[in-house]
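Visitor: Next up is a structure, given as structure tokens.
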Amino acid sequence: MFAPRLLACALLALGPAATAATHMPIEVRQPWSRPSAGTSGVGYMLLVNHGRTADALVKAESPLAARVEAHRATLAGGVMSMAPQVRVEIPAGGSVAFAPGGYHLMFVGLKTPLKAGDRLPATLVFAGGQRVAVSFAVGSGSGPPAAAMGHTVARPEAGAERTQLVTKK
């Protein structure tokens with residue numbers, strides 16, 4: 001009887017910071033990019049929702065690009081097409097892959113071309129209010145660079161509520 005009261009008092013004392021972590025459970029795994037040939041770049045990653053409710057990626061921004069758009073590539077009748085996505089749903093307890101031939105981020109109007117070894121910073125904004133700062137590792141172009149493999153490279157944006165991140169290898 002004493003333990004539940006103590007826990008309740010501790011949670012009340014910590015206030016919103018204590019509950020924010022339990023309500024913002026998006027994890028970003030293996031963010032990576034390819035070298036760019038011009039002023040457009042691409043971002044791939046795995047978004048994992050450890051929460052009990054669905055969430056959605058609704059915006060992305062980068063200080064190195066004029067704008068960032070979520071797109072989805074589809075193949076129909078032998079023709080590949082790409083369409084912008086206003087939001088990308090992430091089911092409760094599920095994940096969504098941003099990978100070649102599917103969902104991806106387009107970094108439009110890059111200030112400088114991306115080359116292997118660069119880092120591309122971005123902030124992902126989710127419908128639930130979570131903002132996650134991400135650093136996309138730019139590889140050689142053939143797939144994720146070693147720097148992105150097996151690591152969670154995400155953190156709450158400065159000034160944002162604390163974010164629960166779970167790293168699994």
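Residue numbering restarts at 1 in every chain; chains get A, B, ... in the order shown in the structure tokens, and ligands count up from 1 in that same order.
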If you count only C-alpha atoms, which residues fall within 8 Å of Arg67 in chain A, apart from same-chain ones fewer than 2 positions away, as an NGL selection string?

Guide: :A and (61-62 or 65 or 69 or 107-109)

Visitor: Quick one: pick out all strand (DSSP E or B) residues within range 38-139 of chain A from a backbone DSSP run and write them as a count of residues only.

Guide: 67

Visitor: Distance CA of Gly139 in chain A-CA of Asp118 in chain A, one decimal place?

Guide: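 Computing the Euclidean distance for CA of Gly139 in chain A and CA of Asp118 in chain A yields 8.0 Å.
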
Visitor: Using only C-alpha atoms, which residue out of A:Val125, A:Ala37, A:Val58, A:Ala137 lies closest to Glu89 in chain A?

Guide: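 Smallest separation from Glu89 in chain A among the options: A:Val58.
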
Visitor: Which is closest to Ala73 in chain A among A:Ala99, A:Leu57, A:Pro91, A:Thr39, if we use only C-alpha atoms?

Guide: A:Ala99

Visitor: Name all residues at most 12 Å from Gly143 in chain A (count only C-alpha atoms; drop same-chain ones fewer than 3 positions away) and give them as a list in words.

Guide: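 Counting only the stated atoms, we get Gln30, Pro31, Trp32, Ser33, Arg34, Pro35, Gly43, Tyr44, Met45, Ala99, Pro100, Ala116, Ala137, Val138, Gly139, Ser140, Ala146, Ala147, Ala148 and Met149 of chain A.
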